[in-house]
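Take a look at the structure set out below.
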Amino acid sequence: MYLSKYFLPVLKEAPREAEIVSHQLMLRAGMIKQQSAGIYSWLPLGLKMLRKVEQVIREEQNRAGAVEVLMPTIQSADLWRESGRYDDYGKEMLRIQDRHERDMLFGPTNEEMITDIFRSYVRSYKDLPLNLYHIQWKFRDEVRPRFGVMRGREFFMKDAYSFDLDEPSSRAAYYRMFVSYLRTFDRLGVTAVPMRADTGPIGGDLSHEFLILADTGESEVFCHGDTMKLPVPDRNIDYSDDAAIEGIFKDWTSNYARTDEMHDENLWAEVAEGDRMNARGIEVGHIFHFGTKYSEPMGAKVTGPDGKDHDVYMGSYGIGPSRVVAALIEAGHDENGIIWPDSIAPFDVGLINLRVGDEAVDSACVDLYNQLTNAGFDVLYDDTDGRAGGKFALADLIGLPWQLIIGPRGLKNGEIEVKHRATGERENLSFEATMNKLTAWQNDVNERFGG
RNA sequence: CGGAGCGUGGCGCAGCCUGGUAGCGCACCUGGUUUGGGACCAGGGGGUCGGAGGUUCGAAUCCUCUCGCUCCGACCA
């Protein structure tokens, strides 16, 4: 992408209303624009990140055996009356009427609708297990939206729903999603820790939250240090091996790990002092196992091997990609701007032309741009007629992993200045050495984080 | 929903207390000089001061109402 043809409206100063760093940086980097309290437009750079996060989540859901659907944002109130939640959900649900004065709502979640889909088609236990998910905008009319897209009213969420014949198989489905979340956050290049969670108004008896660790996180995290050292299963994981999956779940949940909400000082005291880890985190995922809470009132049954009808056991599994984007920034930034993880930056490389209009520099940049693009790199080429300082500031602000700086001075020696955003390391390399370095990096990233 | 605060060119702010017809920095446009870490000179465009009503000869400024936004608390991916 040529910067001159892109739409990247950066701000030198952060708008006053932005208090936390991710919100400030998202506004400054031209990723989002607020339209109303808790409601945002996603501009090209922000959308690019949102899509990348979404895609990682999708790949890991698919790998774990979930099947993607897409349900509408607008739902009929009737479904919610069946489950009893139309009255229970309260003011957080945005209620609207259509022209025929039918009661509708902007979906805050989709348990009812997915249960309706399920009961419309599935009759036999032979069709189970089934896990359907979608990635769709949700609306919750929060009393107090804040922190940019971190707590918006409209937000993007991946929500998966599992259906099983009985409780043991339903728990197995829960464990699969648990493990899939471990892999998802690992691929997103962040440390996310599962914590035992309150099941809340949604009900159920088994629930975990996943928190991305960041100093600026809202939740206080108490966990056993060993949890941080556990290996995340690699891409060859076999999700059909229930015992192995349950083993991973047990490894990750045997140690104490809770947020301030569920914290128990007595249990915490039992953790050896040297093992206690106290940190802050941002909740980005939440999974629930809730049995027949919705299937029973809504009549979602299958015929079992015994020839009788059984209410299906369900669980739901959410990750908010829009919040994840903000959390990545909270977890990775410095005074100059964003530092994206290697695995999930909006572009791989920023190519900076220090002397636009100089024939030699221009053609060197274009050649390198084409070469990199052909090699599979996503490159943002700063071909604008700006000054060096401004270009460097922009590159640091949007936080691409690599900056390739080409100007007349270095070009005389056939060299490019190669800067790594995360470490600040810079070196002068030949064009060939630059390609080799980036290719090695790309291979390493694919190896560690690739699907 | 309780408490606090803020709305003045695109962004950041001053002016308000003590009414006199809107200003600064950045950004933007034109010309020129520059060009390796947010240049300089000259010229220029853009705001009915969130909205409505009131007081007054006169309102960004005082009064009333209203809308929007932010922060703290209770709740949430």
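Residue numbering restarts at 1 for every chain of the structure tokens, chains are lettered A, B, ... in their displayed order, and ligands are numbered from 1 as they appear.
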
- Query: Quick one: which residues from chain B are at most 9 Å off chain A, using only C-alpha atoms (C1' of nucleotides), as a list in words?
  - Reply: C1, C11, G12, C26, A27, U35, G36, G37, G38, A39, G68, C69, U70, C71, C75, C76 and A77 of chain B

- Task: Identify, on the basis of only C-alpha atoms (C1' of nucleotides), every residue whose closest approach to G2 of chain B does not exceed 12 Å; exclude the query and any residue fewer than 6 positions from it along the same chain; express the result as a PyMOL selection string.
- Result: chain B and resi 72-74

Give me a file of those residues, with all heavy atoms, as a short mmCIF file (atom, residue, chain, number, x, y, z; two decimals), in the first residue's frame.
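Full text of selection.cif as output:
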data_model
loop_
_atom_site.label_atom_id
_atom_site.label_comp_id
_atom_site.auth_asym_id
_atom_site.auth_seq_id
_atom_site.Cartn_x
_atom_site.Cartn_y
_atom_site.Cartn_z
P C B 72 -12.57 6.59 35.10
OP1 C B 72 -11.32 5.82 35.22
OP2 C B 72 -13.67 6.08 34.28
"O5'" C B 72 -13.14 6.88 36.57
"C5'" C B 72 -12.32 7.43 37.58
"C4'" C B 72 -13.11 7.58 38.86
"O4'" C B 72 -14.06 8.66 38.72
"C3'" C B 72 -13.97 6.39 39.25
"O3'" C B 72 -13.24 5.35 39.87
"C2'" C B 72 -14.99 7.03 40.18
"O2'" C B 72 -14.41 7.28 41.44
"C1'" C B 72 -15.23 8.35 39.46
N1 C B 72 -16.37 8.25 38.53
C2 C B 72 -17.67 8.35 39.04
O2 C B 72 -17.82 8.53 40.25
N3 C B 72 -18.72 8.25 38.19
C4 C B 72 -18.51 8.06 36.89
N4 C B 72 -19.57 7.98 36.09
C5 C B 72 -17.19 7.95 36.34
C6 C B 72 -16.17 8.06 37.19
P G B 73 -13.77 3.85 39.70
OP1 G B 73 -12.80 2.99 40.45
OP2 G B 73 -14.07 3.56 38.28
"O5'" G B 73 -15.14 3.88 40.51
"C5'" G B 73 -15.17 3.68 41.91
"C4'" G B 73 -16.60 3.68 42.41
"O4'" G B 73 -17.29 4.80 41.82
"C3'" G B 73 -17.44 2.47 42.02
"O3'" G B 73 -17.24 1.38 42.89
"C2'" G B 73 -18.85 3.03 42.10
"O2'" G B 73 -19.33 3.03 43.42
"C1'" G B 73 -18.66 4.48 41.64
N9 G B 73 -19.01 4.66 40.23
C8 G B 73 -18.16 4.73 39.15
N7 G B 73 -18.78 4.90 38.01
C5 G B 73 -20.12 4.94 38.35
C6 G B 73 -21.27 5.12 37.54
O6 G B 73 -21.33 5.26 36.33
N1 G B 73 -22.44 5.11 38.30
C2 G B 73 -22.49 4.95 39.66
N2 G B 73 -23.71 4.96 40.21
N3 G B 73 -21.42 4.79 40.43
C4 G B 73 -20.29 4.80 39.71
P A B 74 -17.28 -0.11 42.31
OP1 A B 74 -16.80 -1.01 43.38
OP2 A B 74 -16.67 -0.15 40.98
"O5'" A B 74 -18.86 -0.35 42.14
"C5'" A B 74 -19.60 -1.05 43.11
"C4'" A B 74 -21.02 -1.21 42.63
"O4'" A B 74 -21.49 0.07 42.15
"C3'" A B 74 -21.21 -2.16 41.44
"O3'" A B 74 -21.37 -3.50 41.86
"C2'" A B 74 -22.46 -1.60 40.77
"O2'" A B 74 -23.63 -2.03 41.43
"C1'" A B 74 -22.28 -0.10 40.99
N9 A B 74 -21.58 0.52 39.85
C8 A B 74 -20.28 0.96 39.81
N7 A B 74 -19.93 1.48 38.66
C5 A B 74 -21.07 1.37 37.89
C6 A B 74 -21.36 1.74 36.57
N6 A B 74 -20.47 2.33 35.75
N1 A B 74 -22.59 1.50 36.10
C2 A B 74 -23.48 0.91 36.91
N3 A B 74 -23.33 0.52 38.18
C4 A B 74 -22.09 0.79 38.61
#

- Item | Atom-to-atom span, atom CA of Glu167 of chain A and atom CA of Pro108 of chain A, Å | 26.4 Å

- If you run DSSP on the backbone, which residues of segment 149-296 of chain A are strand (DSSP E or B), as a PyMOL selection string? chain A and resi 151+154-164+192-196+206-213+219-224+257-259+276-291

Limited to N, CA and C atoms, could you put the picked residues into a file as a tab-separated table (two decimals), in the first residue's frame?
chain	number	residue	atom	x	y	z
A	151	ARG	N	-14.57	-0.73	25.98
A	151	ARG	CA	-15.90	-0.98	26.50
A	151	ARG	C	-16.91	-0.15	25.74
A	154	GLU	N	-21.53	-0.75	21.09
A	154	GLU	CA	-21.49	-1.65	19.94
A	154	GLU	C	-20.10	-2.27	19.92
A	155	PHE	N	-20.02	-3.56	19.82
A	155	PHE	CA	-18.72	-4.21	19.80
A	155	PHE	C	-18.81	-5.47	18.97
A	156	PHE	N	-17.64	-5.91	18.53
A	156	PHE	CA	-17.55	-7.07	17.66
A	156	PHE	C	-17.27	-8.28	18.54
A	157	MET	N	-18.01	-9.35	18.33
A	157	MET	CA	-17.78	-10.52	19.19
A	157	MET	C	-17.89	-11.80	18.39
A	158	LYS	N	-16.96	-12.68	18.71
A	158	LYS	CA	-17.07	-14.05	18.24
A	158	LYS	C	-17.79	-14.80	19.33
A	159	ASP	N	-18.93	-15.36	19.04
A	159	ASP	CA	-19.59	-16.19	20.03
A	159	ASP	C	-19.91	-17.56	19.45
A	160	ALA	N	-19.45	-18.57	20.16
A	160	ALA	CA	-19.64	-19.95	19.75
A	160	ALA	C	-20.59	-20.62	20.73
A	161	TYR	N	-21.33	-21.60	20.23
A	161	TYR	CA	-22.31	-22.29	21.06
A	161	TYR	C	-22.18	-23.79	20.81
A	162	SER	N	-22.00	-24.53	21.88
A	162	SER	CA	-21.84	-25.97	21.72
A	162	SER	C	-23.12	-26.70	22.13
A	163	PHE	N	-23.38	-27.79	21.43
A	163	PHE	CA	-24.57	-28.62	21.69
A	163	PHE	C	-24.12	-30.06	21.86
A	164	ASP	N	-24.55	-30.68	22.95
A	164	ASP	CA	-24.17	-32.07	23.20
A	164	ASP	C	-25.31	-32.82	23.87
A	192	ALA	N	-2.11	-14.51	27.61
A	192	ALA	CA	-3.46	-14.48	28.15
A	192	ALA	C	-3.61	-15.65	29.11
A	193	VAL	N	-4.16	-15.36	30.26
A	193	VAL	CA	-4.25	-16.38	31.29
A	193	VAL	C	-5.72	-16.67	31.59
A	194	PRO	N	-6.07	-17.96	31.63
A	194	PRO	CA	-7.44	-18.29	32.00
A	194	PRO	C	-7.64	-18.19	33.51
A	195	MET	N	-8.75	-17.62	33.90
A	195	MET	CA	-9.05	-17.44	35.32
A	195	MET	C	-10.42	-18.01	35.60
A	196	ARG	N	-10.55	-18.56	36.74
A	196	ARG	CA	-11.85	-19.05	37.14
A	196	ARG	C	-12.79	-17.85	37.28
A	206	LEU	N	-19.73	-23.73	35.13
A	206	LEU	CA	-18.34	-23.85	34.76
A	206	LEU	C	-18.03	-22.67	33.85
A	207	SER	N	-17.09	-21.86	34.26
A	207	SER	CA	-16.84	-20.64	33.50
A	207	SER	C	-15.43	-20.14	33.73
A	208	HIS	N	-14.80	-19.69	32.65
A	208	HIS	CA	-13.46	-19.09	32.75
A	208	HIS	C	-13.38	-17.82	31.93
A	209	GLU	N	-12.60	-16.90	32.46
A	209	GLU	CA	-12.28	-15.69	31.72
A	209	GLU	C	-10.83	-15.79	31.25
A	210	PHE	N	-10.56	-15.18	30.10
A	210	PHE	CA	-9.18	-15.10	29.62
A	210	PHE	C	-8.76	-13.64	29.68
A	211	LEU	N	-7.64	-13.40	30.34
A	211	LEU	CA	-7.17	-12.03	30.47
A	211	LEU	C	-5.82	-11.84	29.80
A	212	ILE	N	-5.73	-10.80	29.00
A	212	ILE	CA	-4.45	-10.40	28.44
A	212	ILE	C	-3.74	-9.56	29.49
A	213	LEU	N	-2.52	-9.96	29.80
A	213	LEU	CA	-1.79	-9.22	30.83
A	213	LEU	C	-1.28	-7.90	30.27
A	219	SER	N	-8.53	-5.32	35.56
A	219	SER	CA	-8.71	-6.35	36.58
A	219	SER	C	-7.38	-6.67	37.24
A	220	GLU	N	-7.46	-6.93	38.52
A	220	GLU	CA	-6.26	-7.39	39.21
A	220	GLU	C	-6.23	-8.91	39.13
A	221	VAL	N	-5.06	-9.42	38.84
A	221	VAL	CA	-4.91	-10.84	38.60
A	221	VAL	C	-4.04	-11.45	39.70
A	222	PHE	N	-4.53	-12.55	40.25
A	222	PHE	CA	-3.74	-13.30	41.22
A	222	PHE	C	-3.55	-14.70	40.64
A	223	CYS	N	-2.33	-15.07	40.37
A	223	CYS	CA	-2.17	-16.43	39.88
A	223	CYS	C	-0.83	-17.03	40.25
A	224	HIS	N	-0.82	-18.32	40.22
A	224	HIS	CA	0.38	-19.09	40.51
A	224	HIS	C	1.35	-18.92	39.33
A	257	ALA	N	-5.73	-19.25	40.05
A	257	ALA	CA	-5.73	-18.15	39.07
A	257	ALA	C	-7.09	-17.47	39.12
A	258	ARG	N	-7.14	-16.32	39.71
A	258	ARG	CA	-8.40	-15.60	39.81
A	258	ARG	C	-8.20	-14.10	39.68
A	259	THR	N	-9.27	-13.45	39.29
A	259	THR	CA	-9.24	-12.00	39.29
A	259	THR	C	-9.75	-11.50	40.62
A	276	ARG	N	3.66	-16.69	43.96
A	276	ARG	CA	2.52	-15.79	43.75
A	276	ARG	C	2.83	-14.75	42.70
A	277	MET	N	1.95	-14.66	41.74
A	277	MET	CA	2.11	-13.63	40.74
A	277	MET	C	0.92	-12.70	40.79
A	278	ASN	N	1.21	-11.43	40.95
A	278	ASN	CA	0.16	-10.42	41.07
A	278	ASN	C	0.34	-9.47	39.90
A	279	ALA	N	-0.66	-9.38	39.06
A	279	ALA	CA	-0.52	-8.56	37.85
A	279	ALA	C	-1.85	-7.91	37.53
A	280	ARG	N	-1.88	-7.24	36.38
A	280	ARG	CA	-3.14	-6.66	35.92
A	280	ARG	C	-3.46	-7.21	34.54
A	281	GLY	N	-4.73	-7.25	34.24
A	281	GLY	CA	-5.11	-7.85	32.97
A	281	GLY	C	-6.41	-7.28	32.42
A	282	ILE	N	-6.65	-7.59	31.16
A	282	ILE	CA	-7.85	-7.13	30.46
A	282	ILE	C	-8.64	-8.35	30.02
A	283	GLU	N	-9.87	-8.40	30.41
A	283	GLU	CA	-10.68	-9.57	30.03
A	283	GLU	C	-11.02	-9.50	28.55
A	284	VAL	N	-10.63	-10.52	27.82
A	284	VAL	CA	-10.90	-10.51	26.38
A	284	VAL	C	-11.70	-11.73	25.93
A	285	GLY	N	-11.83	-12.70	26.81
A	285	GLY	CA	-12.60	-13.89	26.45
A	285	GLY	C	-13.33	-14.42	27.67
A	286	HIS	N	-14.45	-15.04	27.41
A	286	HIS	CA	-15.21	-15.59	28.52
A	286	HIS	C	-15.97	-16.81	28.01
A	287	ILE	N	-15.81	-17.92	28.70
A	287	ILE	CA	-16.51	-19.13	28.26
A	287	ILE	C	-17.39	-19.65	29.39
A	288	PHE	N	-18.54	-20.19	29.00
A	288	PHE	CA	-19.52	-20.66	29.97
A	288	PHE	C	-20.02	-22.05	29.59
A	289	HIS	N	-20.27	-22.82	30.58
A	289	HIS	CA	-21.00	-24.07	30.36
A	289	HIS	C	-22.29	-23.91	31.15
A	290	PHE	N	-23.42	-24.01	30.46
A	290	PHE	CA	-24.66	-23.74	31.20
A	290	PHE	C	-25.74	-24.80	31.04
A	291	GLY	N	-25.36	-25.94	30.51
A	291	GLY	CA	-26.31	-27.06	30.50
A	291	GLY	C	-27.57	-26.80	29.70

- Per DSSP on the backbone, filter segment 62-176 of chain A down to the residues in helix (DSSP H, G or I) and report them as number ranges by chain. A: 62-63, 77-83, 85-88, 90-92, 111-121, 125-127, 148-150, 167-176
